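Enquirer: You'll find start_25.cif just under this line, and it carries mmCIF, C-alpha atoms.
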```cif
data_data
loop_
_atom_site.group_PDB
_atom_site.id
_atom_site.type_symbol
_atom_site.label_atom_id
_atom_site.label_comp_id
_atom_site.auth_asym_id
_atom_site.auth_seq_id
_atom_site.Cartn_x
_atom_site.Cartn_y
_atom_site.Cartn_z
ATOM 1 C CA MET A 10 -49.162 41.305 41.495
ATOM 2 C CA ASN A 11 -51.396 43.281 43.836
ATOM 3 C CA SER A 12 -49.310 46.049 45.426
ATOM 4 C CA GLU A 13 -51.469 45.881 48.557
ATOM 5 C CA VAL A 14 -50.596 42.308 49.528
ATOM 6 C CA SER A 15 -49.462 41.827 53.101
ATOM 7 C CA LEU A 16 -45.856 42.085 54.236
ATOM 8 C CA SER A 17 -44.769 38.992 56.173
ATOM 9 C CA PRO A 18 -42.213 38.997 58.995
ATOM 10 C CA PRO A 19 -38.679 38.591 57.645
ATOM 11 C CA THR A 20 -36.644 35.408 57.731
ATOM 12 C CA ASP A 21 -32.917 34.940 57.392
ATOM 13 C CA VAL A 22 -33.261 32.890 54.208
ATOM 14 C CA LEU A 23 -36.107 32.401 51.761
ATOM 15 C CA ILE A 24 -36.125 29.400 49.438
ATOM 16 C CA VAL A 25 -38.089 29.440 46.196
ATOM 17 C CA GLY A 26 -39.112 25.866 45.423
ATOM 18 C CA GLY A 27 -40.113 22.949 47.638
ATOM 19 C CA GLY A 28 -38.533 20.158 45.615
ATOM 20 C CA PRO A 29 -35.529 18.051 46.672
ATOM 21 C CA ALA A 30 -33.000 20.889 46.313
ATOM 22 C CA GLY A 31 -35.209 23.343 48.173
ATOM 23 C CA LEU A 32 -36.013 20.935 50.993
ATOM 24 C CA TYR A 33 -32.383 19.976 51.496
ATOM 25 C CA ALA A 34 -31.291 23.626 51.404
ATOM 26 C CA ALA A 35 -33.925 24.407 54.035
ATOM 27 C CA PHE A 36 -32.555 21.637 56.232
ATOM 28 C CA TYR A 37 -29.014 22.981 56.060
ATOM 29 C CA VAL A 38 -30.082 26.575 56.695
ATOM 30 C CA ALA A 39 -32.085 25.467 59.740
ATOM 31 C CA LEU A 40 -29.202 23.284 60.904
ATOM 32 C CA ARG A 41 -27.054 26.425 61.011
ATOM 33 C CA GLY A 42 -29.601 27.982 63.384
ATOM 34 C CA LEU A 43 -31.164 30.430 60.927
ATOM 35 C CA SER A 44 -34.818 31.063 60.209
ATOM 36 C CA VAL A 45 -36.036 29.828 56.843
ATOM 37 C CA ARG A 46 -39.171 30.060 54.709
ATOM 38 C CA ILE A 47 -40.075 27.919 51.682
ATOM 39 C CA LEU A 48 -42.313 29.111 48.849
ATOM 40 C CA GLU A 49 -43.805 26.286 46.763
ATOM 41 C CA ALA A 50 -46.119 26.874 43.801
ATOM 42 C CA ARG A 51 -47.993 23.583 44.193
ATOM 43 C CA PRO A 52 -50.258 22.729 47.149
ATOM 44 C CA GLU A 53 -47.757 20.118 48.366
ATOM 45 C CA LEU A 54 -44.007 19.736 48.710
ATOM 46 C CA GLY A 55 -41.855 17.581 46.465
ATOM 47 C CA GLY A 56 -41.449 19.380 43.148
ATOM 48 C CA GLN A 57 -41.014 17.050 40.182
ATOM 49 C CA LEU A 58 -40.778 13.984 42.418
ATOM 50 C CA ALA A 59 -44.288 14.541 43.766
ATOM 51 C CA ALA A 60 -45.918 16.087 40.689
ATOM 52 C CA LEU A 61 -44.511 14.030 37.814
ATOM 53 C CA TYR A 62 -43.480 10.589 39.029
ATOM 54 C CA PRO A 63 -44.208 9.848 42.724
ATOM 55 C CA ASP A 64 -44.947 6.228 41.744
ATOM 56 C CA ARG A 65 -41.583 5.567 40.098
ATOM 57 C CA ARG A 66 -38.470 4.199 41.743
ATOM 58 C CA VAL A 67 -35.368 6.378 42.009
ATOM 59 C CA TYR A 68 -32.068 4.534 42.236
ATOM 60 C CA ASP A 69 -29.426 7.233 42.663
ATOM 61 C CA VAL A 70 -30.319 8.798 46.016
ATOM 62 C CA PRO A 71 -27.624 7.954 48.580
ATOM 63 C CA ALA A 72 -28.692 5.459 51.264
ATOM 64 C CA ALA A 73 -32.198 5.165 49.774
ATOM 65 C CA PRO A 74 -31.890 2.318 47.251
ATOM 66 C CA ALA A 75 -34.825 1.805 44.881
ATOM 67 C CA ALA A 76 -37.059 4.181 46.820
ATOM 68 C CA TYR A 77 -40.229 5.533 45.255
ATOM 69 C CA ALA A 78 -39.997 9.232 44.457
ATOM 70 C CA GLY A 79 -42.914 9.909 46.791
ATOM 71 C CA GLN A 80 -41.059 8.149 49.607
ATOM 72 C CA ILE A 81 -38.012 10.363 49.040
ATOM 73 C CA VAL A 82 -40.206 13.444 49.388
ATOM 74 C CA ASP A 83 -41.635 12.070 52.647
ATOM 75 C CA ARG A 84 -38.131 11.479 54.018
ATOM 76 C CA LEU A 85 -36.922 14.949 53.031
ATOM 77 C CA ALA A 86 -39.965 16.481 54.718
ATOM 78 C CA ARG A 87 -39.394 14.333 57.812
ATOM 79 C CA GLN A 88 -35.828 15.659 57.986
ATOM 80 C CA LEU A 89 -37.288 19.150 58.473
ATOM 81 C CA ARG A 90 -39.604 18.249 61.360
ATOM 82 C CA PRO A 91 -37.214 19.150 64.207
ATOM 83 C CA PHE A 92 -37.092 22.733 62.921
ATOM 84 C CA ASP A 93 -39.591 25.575 62.869
ATOM 85 C CA ILE A 94 -39.713 26.176 59.111
ATOM 86 C CA ASP A 95 -42.329 28.429 57.555
ATOM 87 C CA ILE A 96 -43.725 26.584 54.508
ATOM 88 C CA ARG A 97 -46.032 28.491 52.153
ATOM 89 C CA LEU A 98 -47.804 26.238 49.651
ATOM 90 C CA GLY A 99 -49.733 27.275 46.573
ATOM 91 C CA GLU A 100 -47.768 30.511 46.094
ATOM 92 C CA VAL A 101 -45.821 31.356 42.942
ATOM 93 C CA ALA A 102 -42.793 33.623 43.411
ATOM 94 C CA ARG A 103 -43.169 36.516 40.975
ATOM 95 C CA THR A 104 -41.103 39.538 41.988
ATOM 96 C CA LEU A 105 -37.697 40.191 43.516
ATOM 97 C CA LYS A 106 -36.835 43.588 44.971
ATOM 98 C CA ARG A 107 -33.935 44.957 46.962
ATOM 99 C CA SER A 108 -34.916 45.491 50.591
ATOM 100 C CA GLY A 109 -32.244 47.066 52.767
ATOM 101 C CA ALA A 110 -29.375 44.594 52.989
ATOM 102 C CA GLY A 111 -31.566 41.772 51.750
ATOM 103 C CA TRP A 112 -34.365 41.002 49.324
ATOM 104 C CA THR A 113 -38.150 40.783 49.212
ATOM 105 C CA VAL A 114 -39.880 38.136 47.114
ATOM 106 C CA GLY A 115 -43.471 38.817 46.157
ATOM 107 C CA THR A 116 -46.325 36.437 45.364
ATOM 108 C CA ASP A 117 -49.976 37.135 44.605
ATOM 109 C CA LEU A 118 -50.694 36.768 48.323
ATOM 110 C CA ALA A 119 -47.821 38.375 50.216
ATOM 111 C CA ARG A 120 -44.372 39.935 50.219
ATOM 112 C CA TYR A 121 -41.603 37.975 51.949
ATOM 113 C CA PRO A 122 -38.425 39.779 53.073
ATOM 114 C CA ALA A 123 -35.261 37.801 53.728
ATOM 115 C CA GLY A 124 -31.557 38.314 54.201
ATOM 116 C CA ALA A 125 -30.777 35.870 51.375
ATOM 117 C CA VAL A 126 -32.706 34.007 48.697
ATOM 118 C CA ILE A 127 -32.040 30.530 47.306
ATOM 119 C CA LEU A 128 -33.629 29.690 43.960
ATOM 120 C CA ALA A 129 -34.423 25.979 43.796
ATOM 121 C CA ALA A 130 -37.305 26.196 41.347
ATOM 122 C CA GLY A 131 -36.249 23.290 39.131
ATOM 123 C CA LEU A 132 -37.900 23.487 35.719
ATOM 124 C CA GLY A 133 -40.164 26.276 36.972
ATOM 125 C CA ALA A 134 -43.468 26.442 38.796
ATOM 126 C CA LEU A 135 -45.296 23.184 38.044
ATOM 127 C CA LEU A 136 -48.789 24.345 37.206
ATOM 128 C CA PRO A 137 -51.666 21.995 36.320
ATOM 129 C CA ARG A 138 -52.655 21.612 32.682
ATOM 130 C CA ALA A 139 -55.833 23.451 31.815
ATOM 131 C CA ALA A 140 -59.066 21.476 31.971
ATOM 132 C CA ALA A 141 -61.241 21.001 28.904
ATOM 133 C CA GLN A 142 -64.347 21.378 31.094
ATOM 134 C CA PRO A 143 -64.700 24.866 32.613
ATOM 135 C CA GLU A 144 -66.214 23.483 35.826
ATOM 136 C CA ALA A 145 -63.420 20.970 36.432
ATOM 137 C CA ARG A 146 -60.720 21.473 39.031
ATOM 138 C CA THR A 147 -57.151 20.852 37.952
ATOM 139 C CA ASP A 148 -55.062 20.272 41.067
ATOM 140 C CA TRP A 149 -54.813 17.953 44.045
ATOM 141 C CA PRO A 150 -54.575 17.694 47.045
ATOM 142 C CA PHE A 151 -57.219 19.892 48.603
ATOM 143 C CA LEU A 152 -56.105 23.246 49.834
ATOM 144 C CA PRO A 153 -56.541 23.652 53.622
ATOM 145 C CA GLN A 154 -59.934 25.372 53.377
ATOM 146 C CA GLN A 155 -61.435 22.495 51.431
ATOM 147 C CA ASN A 156 -62.825 19.284 52.904
ATOM 148 C CA THR A 157 -63.284 15.903 51.228
ATOM 149 C CA THR A 158 -66.285 15.062 53.411
ATOM 150 C CA ALA A 159 -68.191 18.010 51.915
ATOM 151 C CA VAL A 160 -68.264 16.390 48.448
ATOM 152 C CA GLN A 161 -71.392 14.306 47.809
ATOM 153 C CA SER A 162 -70.213 12.785 44.517
ATOM 154 C CA ALA A 163 -67.036 13.135 42.475
ATOM 155 C CA TRP A 164 -65.767 12.414 38.981
ATOM 156 C CA VAL A 165 -61.984 12.173 38.675
ATOM 157 C CA GLN A 166 -60.553 12.124 35.168
ATOM 158 C CA GLY A 167 -56.987 11.148 34.282
ATOM 159 C CA GLY A 168 -54.414 8.402 34.526
ATOM 160 C CA VAL A 169 -51.658 10.325 36.333
ATOM 161 C CA PRO A 170 -50.700 9.463 39.936
ATOM 162 C CA GLN A 171 -52.648 12.453 41.277
ATOM 163 C CA ALA A 172 -55.856 11.062 39.740
ATOM 164 C CA THR A 173 -55.419 7.727 41.504
ATOM 165 C CA ARG A 174 -54.585 9.468 44.757
ATOM 166 C CA ALA A 175 -57.552 11.840 44.476
ATOM 167 C CA ALA A 176 -59.986 8.977 43.842
ATOM 168 C CA LEU A 177 -58.638 7.023 46.809
ATOM 169 C CA GLU A 178 -58.739 9.941 49.235
ATOM 170 C CA LEU A 179 -62.265 10.879 48.189
ATOM 171 C CA ALA A 180 -63.460 7.278 48.504
ATOM 172 C CA ASP A 181 -61.761 6.905 51.892
ATOM 173 C CA ALA A 182 -63.695 10.002 53.019
ATOM 174 C CA GLY A 183 -66.967 8.332 52.024
ATOM 175 C CA THR A 184 -67.527 10.098 48.704
ATOM 176 C CA PRO A 185 -68.896 8.024 45.779
ATOM 177 C CA VAL A 186 -66.278 8.335 43.024
ATOM 178 C CA THR A 187 -66.122 7.674 39.302
ATOM 179 C CA LEU A 188 -62.550 7.408 37.988
ATOM 180 C CA SER A 189 -62.131 7.556 34.219
ATOM 181 C CA HIS A 190 -59.299 7.653 31.715
ATOM 182 C CA ARG A 191 -59.097 7.433 27.961
ATOM 183 C CA ARG A 192 -56.694 4.505 28.291
ATOM 184 C CA ALA A 193 -56.996 1.341 30.402
ATOM 185 C CA LEU A 194 -54.112 2.370 32.608
ATOM 186 C CA PHE A 195 -53.759 4.215 35.887
ATOM 187 C CA ARG A 196 -50.484 5.169 37.556
ATOM 188 C CA GLY A 197 -49.738 4.836 41.252
ATOM 189 C CA THR A 198 -47.627 2.908 43.710
ATOM 190 C CA PRO A 199 -48.353 -0.832 44.001
ATOM 191 C CA GLU A 200 -50.100 -0.164 47.309
ATOM 192 C CA GLN A 201 -52.297 2.548 45.760
ATOM 193 C CA LEU A 202 -53.215 0.385 42.766
ATOM 194 C CA ALA A 203 -54.106 -2.490 45.097
ATOM 195 C CA ARG A 204 -56.361 -0.172 47.119
ATOM 196 C CA LEU A 205 -57.931 1.075 43.898
ATOM 197 C CA GLU A 206 -58.785 -2.500 42.906
ATOM 198 C CA THR A 207 -60.303 -3.133 46.357
ATOM 199 C CA HIS A 208 -62.479 -0.020 46.055
ATOM 200 C CA ARG A 209 -63.491 -1.085 42.535
ATOM 201 C CA GLN A 210 -64.562 -4.511 43.747
ATOM 202 C CA GLN A 211 -66.487 -2.959 46.640
ATOM 203 C CA GLY A 212 -68.200 -0.494 44.292
ATOM 204 C CA THR A 213 -66.969 2.586 46.179
ATOM 205 C CA ILE A 214 -64.997 3.645 43.087
ATOM 206 C CA VAL A 215 -66.519 3.088 39.656
ATOM 207 C CA VAL A 216 -63.702 2.706 37.132
ATOM 208 C CA GLN A 217 -64.289 3.569 33.481
ATOM 209 C CA ALA A 218 -61.172 2.842 31.422
ATOM 210 C CA PRO A 219 -60.827 3.123 28.557
ATOM 211 C CA ALA A 220 -63.584 5.717 28.552
ATOM 212 C CA ALA A 221 -65.198 6.870 25.324
ATOM 213 C CA PRO A 222 -64.579 10.524 24.355
ATOM 214 C CA ASP A 223 -68.242 11.336 24.964
ATOM 215 C CA PHE A 224 -68.387 9.571 28.342
ATOM 216 C CA GLN A 225 -70.285 11.660 30.897
ATOM 217 C CA VAL A 226 -71.069 11.344 34.619
ATOM 218 C CA ARG A 227 -73.283 13.444 36.848
ATOM 219 C CA ALA A 228 -71.197 14.589 39.812
ATOM 220 C CA GLU A 229 -71.140 17.446 42.275
ATOM 221 C CA ALA A 230 -67.401 17.968 41.801
ATOM 222 C CA ILE A 231 -65.148 17.189 38.840
ATOM 223 C CA TRP A 232 -61.370 16.925 38.803
ATOM 224 C CA GLN A 233 -59.555 16.763 35.475
ATOM 225 C CA LEU A 234 -56.001 15.781 36.381
ATOM 226 C CA ASN A 235 -53.768 15.720 33.323
ATOM 227 C CA GLY A 236 -50.365 16.374 34.823
ATOM 228 C CA TYR A 237 -48.336 19.577 35.030
ATOM 229 C CA LEU A 238 -46.445 22.006 32.813
ATOM 230 C CA PRO A 239 -43.374 23.904 34.080
ATOM 231 C CA ASP A 240 -43.540 27.692 33.923
ATOM 232 C CA LEU A 241 -40.367 29.753 34.369
ATOM 233 C CA SER A 242 -41.904 33.012 33.168
ATOM 234 C CA PRO A 243 -42.574 34.425 36.668
ATOM 235 C CA LEU A 244 -38.838 34.222 37.441
ATOM 236 C CA GLN A 245 -37.367 35.216 34.098
ATOM 237 C CA SER A 246 -38.002 38.901 34.717
ATOM 238 C CA TRP A 247 -35.525 38.737 37.599
ATOM 239 C CA PRO A 248 -32.147 40.284 36.586
ATOM 240 C CA LEU A 249 -30.096 37.101 36.858
ATOM 241 C CA ASP A 250 -28.203 37.110 33.512
ATOM 242 C CA TRP A 251 -30.317 34.219 32.307
ATOM 243 C CA GLN A 252 -28.818 31.907 29.725
ATOM 244 C CA GLY A 253 -31.891 30.296 28.267
ATOM 245 C CA GLU A 254 -33.552 28.367 31.081
ATOM 246 C CA TYR A 255 -30.469 28.474 33.301
ATOM 247 C CA VAL A 256 -29.070 30.930 35.843
ATOM 248 C CA PRO A 257 -25.252 31.283 35.921
ATOM 249 C CA ALA A 258 -23.593 31.270 39.312
ATOM 250 C CA GLU A 259 -20.265 31.193 41.112
ATOM 251 C CA PRO A 260 -19.000 27.907 42.597
ATOM 252 C CA SER A 261 -20.692 28.970 45.857
ATOM 253 C CA GLY A 262 -24.027 29.097 44.053
ATOM 254 C CA GLN A 263 -24.256 32.883 44.270
ATOM 255 C CA THR A 264 -25.764 34.548 41.222
ATOM 256 C CA CYS A 265 -24.881 37.988 39.865
ATOM 257 C CA LEU A 266 -27.015 39.409 42.684
ATOM 258 C CA PRO A 267 -25.339 39.397 46.129
ATOM 259 C CA GLY A 268 -27.257 37.200 48.524
ATOM 260 C CA VAL A 269 -29.232 35.428 45.779
ATOM 261 C CA TYR A 270 -28.202 31.810 45.149
ATOM 262 C CA VAL A 271 -29.284 29.059 42.770
ATOM 263 C CA ALA A 272 -29.285 25.270 43.147
ATOM 264 C CA GLY A 273 -30.573 22.272 41.229
ATOM 265 C CA ASP A 274 -31.911 22.092 37.684
ATOM 266 C CA LEU A 275 -32.093 25.875 37.410
ATOM 267 C CA SER A 276 -28.336 26.296 37.862
ATOM 268 C CA LEU A 277 -26.142 26.644 34.766
ATOM 269 C CA SER A 278 -23.264 24.944 36.587
ATOM 270 C CA GLY A 279 -25.006 21.598 36.242
ATOM 271 C CA GLY A 280 -26.272 22.241 32.730
ATOM 272 C CA ASP A 281 -28.077 19.264 31.282
ATOM 273 C CA PHE A 282 -26.472 17.081 33.950
ATOM 274 C CA LYS A 283 -29.704 17.041 35.961
ATOM 275 C CA LEU A 284 -29.169 14.609 38.807
ATOM 276 C CA ILE A 285 -30.758 14.676 42.227
ATOM 277 C CA ALA A 286 -27.354 13.949 43.805
ATOM 278 C CA LEU A 287 -25.957 17.099 42.200
ATOM 279 C CA ALA A 288 -28.966 19.106 43.380
ATOM 280 C CA PHE A 289 -28.338 17.997 46.965
ATOM 281 C CA ALA A 290 -24.677 19.060 46.766
ATOM 282 C CA GLN A 291 -25.535 22.451 45.278
ATOM 283 C CA ALA A 292 -28.247 22.964 47.895
ATOM 284 C CA ALA A 293 -25.757 22.356 50.712
ATOM 285 C CA LEU A 294 -23.271 24.806 49.179
ATOM 286 C CA CYS A 295 -25.898 27.500 48.701
ATOM 287 C CA ALA A 296 -27.319 27.051 52.183
ATOM 288 C CA ASN A 297 -23.988 27.396 53.942
ATOM 289 C CA HIS A 298 -22.844 30.346 51.844
ATOM 290 C CA ALA A 299 -26.219 32.008 52.408
ATOM 291 C CA ALA A 300 -25.867 31.447 56.152
ATOM 292 C CA HIS A 301 -22.472 33.181 56.109
ATOM 293 C CA HIS A 302 -23.855 35.988 53.947
ATOM 294 C CA VAL A 303 -26.650 36.701 56.436
ATOM 295 C CA ARG A 304 -24.549 36.075 59.538
ATOM 296 C CA PRO A 305 -20.908 36.856 58.695
ATOM 297 C CA GLU A 306 -19.846 35.582 62.122
ATOM 298 C CA LEU A 307 -20.815 32.065 60.977
ATOM 299 C CA LYS A 308 -18.149 30.151 59.131
ATOM 300 C CA ILE A 309 -19.076 28.941 55.656
ATOM 301 C CA ARG A 310 -18.053 25.409 56.515
ATOM 302 C CA PRO A 311 -20.749 23.891 58.711
ATOM 303 C CA GLY A 312 -18.661 21.279 60.492
ATOM 304 C CA HIS A 313 -19.916 17.755 61.055
ATOM 305 C CA SER A 314 -23.597 17.255 61.787
ATOM 306 C CA SER A 315 -22.649 14.335 64.040
ATOM 307 C CA ASP A 316 -21.212 16.911 66.461
ATOM 308 C CA ARG A 317 -24.617 18.572 66.813
ATOM 309 C CA ARG A 318 -27.939 17.795 68.410
ATOM 310 C CA LEU A 319 -31.145 18.703 66.681
ATOM 311 C CA PRO A 320 -34.025 20.363 68.557
ATOM 312 C CA GLY A 321 -35.803 17.734 70.617
ATOM 313 C CA ASP A 322 -32.981 15.220 70.235
ATOM 314 C CA HIS A 323 -32.178 13.888 73.698
ATOM 315 C CA GLY A 324 -30.287 10.831 72.548
#
```
For the structure just supplied, provide its representation as structure tokens.

Expert:
Amino acid sequence: MNSEVSLSPPTDVLIVGGGPAGLYAAFYVALRGLSVRILEARPELGGQLAALYPDRRVYDVPAAPAAYAGQIVDRLARQLRPFDIDIRLGEVARTLKRSGAGWTVGTDLARYPAGAVILAAGLGALLPRAAAQPEARTDWPFLPQQNTTAVQSAWVQGGVPQATRAALELADAGTPVTLSHRRALFRGTPEQLARLETHRQQGTIVVQAPAAPDFQVRAEAIWQLNGYLPDLSPLQSWPLDWQGEYVPAEPSGQTCLPGVYVAGDLSLSGGDFKLIALAFAQAALCANHAAHHVRPELKIRPGHSSDRRLPGDHG
């Protein structure tokens, strides 16, 4: 990591990972009145739900029966809207250093000091699989500095949900798109697949599936979207008494480092029992213990949310 990266203003709590556990932990920290920042390696929130199976139904989320994984991400993000949460996308947490009474987490772009840190990194940073073509891009959606309207022609390769989404968003922006896959199958929600068929019939998306191995298209921009691989290596240098791919912790979620907590699939306490319901419970525990750690005057127990009013709630 570049030692000259900028130092950001501190927050009370920093959360590594923008998946379900990280988003719910951020909600609870903000609910307690503390400042919170989320670091997410991918260019969008949602973790595994958004990267691996946004088009699949999830049945074990309380009060959200048979919801698509992508819908669950949308609802978790909507739960954060009343709060001023600093969300940093496309940044991989790499270093952890003591900083006064708290910690500083470093990425390739900046250093982020905080009073407490919650690790909710799931299986690790979900990084796109390498492209076979050097000129191809490997992630979606666009980062903020990019613009779909600037692309004159596009070739999207892959059958994963991100490939379908990329083709649709490009076509909706007026870009001629070729969408190809080695098999005659594309993944997406029913609504997305219906839109894809409409675009195909209108000729705004040319679909080639199954595509021959030597299939080629002339295009200004190429995306080769082949899914993601988890990478824990940036975190495994942190002195957390790792046990394989897991971090041991106390019942509160605190690791061997004071003020550093772990929730979700990364926590040894859940082991192979990787359920989203368990991740939510661990996230709530970590968030409230972290709040007390940063502000000892706050009780660990948060009380009932029904006794509170969120910012902007005048009901």

Enquirer: Residues picked by the PyMOL selection byres ((chain A and resi 199) around 12) here, as a compact mmCIF listing (two decimals) with C-alpha atoms, keeping the file's coordinate frame?

Expert:
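Saved to selection_21.txt:
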```txt
# COMPACT_ATOMS: atom_id res chain seq x y z
CA PRO A 63 -44.21 9.85 42.72
CA ASP A 64 -44.95 6.23 41.74
CA ARG A 65 -41.58 5.57 40.10
CA ARG A 66 -38.47 4.20 41.74
CA TYR A 77 -40.23 5.53 45.26
CA PRO A 170 -50.70 9.46 39.94
CA THR A 173 -55.42 7.73 41.50
CA PHE A 195 -53.76 4.22 35.89
CA ARG A 196 -50.48 5.17 37.56
CA GLY A 197 -49.74 4.84 41.25
CA THR A 198 -47.63 2.91 43.71
CA GLU A 200 -50.10 -0.16 47.31
CA GLN A 201 -52.30 2.55 45.76
CA LEU A 202 -53.22 0.38 42.77
CA ALA A 203 -54.11 -2.49 45.10
CA ARG A 204 -56.36 -0.17 47.12
CA LEU A 205 -57.93 1.08 43.90
CA GLU A 206 -58.78 -2.50 42.91
```

Enquirer: Could you spell out the hits of the PyMOL selection byres ((chain A and resi 19) around 8) on the shown file, as a list in words?

Expert: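 Given this file, the PyMOL selection byres ((chain A and resi 19) around 8) evaluates to Ser17, Pro18, Thr20, Asp21, Tyr121, Pro122, Ala123 and Gly124 of chain A.
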
Enquirer: Written as a list in words, which residues does the PyMOL selection byres ((chain A and resi 45) around 8) give for the file shown?

Expert: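 Taken over the shown coordinates, the PyMOL selection byres ((chain A and resi 45) around 8) returns Thr20, Asp21, Val22, Leu23, Ile24, Ala35, Val38, Ala39, Leu43, Ser44, Arg46, Ile47, Ile94 and Asp95 of chain A.
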
Enquirer: Could you state the separation of CA of Ile231 (chain A) and CA of Ala163 (chain A) in Å, given to one decimal place?

Expert: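 For CA of Ile231 (chain A) relative to CA of Ala163 (chain A), the distance reads 5.8 Å.
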
Enquirer: Nearest to Trp232 (chain A): which of A:Leu98, A:Val256, A:Leu16, A:Val160 is it, counting only C-alpha atoms?

Expert: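 Looking at the shortest contact to Trp232 (chain A), the residue is A:Val160.
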
Enquirer: At a cut-off of 9 Å, using only C-alpha atoms, what residues contact region 142-147 of chain A? Leave out same-chain residues fewer than 2 positions from it and give the result as a CSV table (one decimal) with C-alpha atoms, in the coordinates of the input.

Expert:
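In the end it all went to selection30.csv:
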```csv
chain,number,residue,atom,x,y,z
A,137,PRO,CA,-51.7,22.0,36.3
A,138,ARG,CA,-52.7,21.6,32.7
A,139,ALA,CA,-55.8,23.5,31.8
A,140,ALA,CA,-59.1,21.5,32.0
A,149,TRP,CA,-54.8,18.0,44.0
A,230,ALA,CA,-67.4,18.0,41.8
A,231,ILE,CA,-65.1,17.2,38.8
A,232,TRP,CA,-61.4,16.9,38.8
A,233,GLN,CA,-59.6,16.8,35.5
A,234,LEU,CA,-56.0,15.8,36.4
A,235,ASN,CA,-53.8,15.7,33.3
A,236,GLY,CA,-50.4,16.4,34.8
```

Enquirer: Here is a test: counting only C-alpha atoms, which residue of A:Leu89, A:Ala130, A:Leu54, A:Leu32 is nearest to Asp240 (chain A)?

Expert: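 Ranking A:Leu89, A:Ala130, A:Leu54, A:Leu32 by distance to Asp240 (chain A), first place goes to A:Ala130.
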
Enquirer: Kindly write N, CA, C and O atoms of region 202-214 of chain A from the structure just given to a file, as a tab-separated table (two decimals), in the first residue's frame.

Expert:
```tsv
chain	number	residue	atom	x	y	z
A	202	LEU	N	-34.81	-10.89	-17.34
A	202	LEU	CA	-34.81	-11.80	-18.49
A	202	LEU	C	-35.90	-11.42	-19.49
A	202	LEU	O	-35.71	-11.55	-20.70
A	203	ALA	N	-37.03	-10.92	-18.98
A	203	ALA	CA	-38.09	-10.46	-19.88
A	203	ALA	C	-37.63	-9.22	-20.65
A	203	ALA	O	-37.89	-9.09	-21.86
A	204	ARG	N	-36.95	-8.31	-19.98
A	204	ARG	CA	-36.42	-7.12	-20.65
A	204	ARG	C	-35.37	-7.51	-21.68
A	204	ARG	O	-35.29	-6.90	-22.76
A	205	LEU	N	-34.55	-8.50	-21.34
A	205	LEU	CA	-33.53	-8.96	-22.28
A	205	LEU	C	-34.18	-9.49	-23.55
A	205	LEU	O	-33.73	-9.21	-24.66
A	206	GLU	N	-35.27	-10.25	-23.40
A	206	GLU	CA	-35.96	-10.79	-24.57
A	206	GLU	C	-36.57	-9.66	-25.40
A	206	GLU	O	-36.54	-9.71	-26.65
A	207	THR	N	-37.10	-8.63	-24.75
A	207	THR	CA	-37.65	-7.48	-25.48
A	207	THR	C	-36.56	-6.78	-26.28
A	207	THR	O	-36.74	-6.45	-27.46
A	208	HIS	N	-35.41	-6.55	-25.66
A	208	HIS	CA	-34.29	-5.92	-26.36
A	208	HIS	C	-33.83	-6.80	-27.53
A	208	HIS	O	-33.48	-6.29	-28.60
A	209	ARG	N	-33.83	-8.12	-27.32
A	209	ARG	CA	-33.40	-9.02	-28.40
A	209	ARG	C	-34.34	-8.92	-29.58
A	209	ARG	O	-33.90	-8.84	-30.74
A	210	GLN	N	-35.64	-8.89	-29.31
A	210	GLN	CA	-36.62	-8.80	-30.38
A	210	GLN	C	-36.53	-7.45	-31.10
A	210	GLN	O	-36.75	-7.37	-32.31
A	211	GLN	N	-36.19	-6.40	-30.37
A	211	GLN	CA	-36.08	-5.07	-30.96
A	211	GLN	C	-34.74	-4.87	-31.67
A	211	GLN	O	-34.56	-3.89	-32.40
A	212	GLY	N	-33.80	-5.79	-31.45
A	212	GLY	CA	-32.49	-5.68	-32.09
A	212	GLY	C	-31.52	-4.77	-31.38
A	212	GLY	O	-30.41	-4.52	-31.89
A	213	THR	N	-31.88	-4.26	-30.19
A	213	THR	CA	-30.98	-3.38	-29.45
A	213	THR	C	-29.93	-4.17	-28.68
A	213	THR	O	-28.90	-3.61	-28.27
A	214	ILE	N	-30.20	-5.46	-28.44
A	214	ILE	CA	-29.19	-6.38	-27.91
A	214	ILE	C	-29.14	-7.59	-28.82
A	214	ILE	O	-30.17	-8.26	-29.04
```
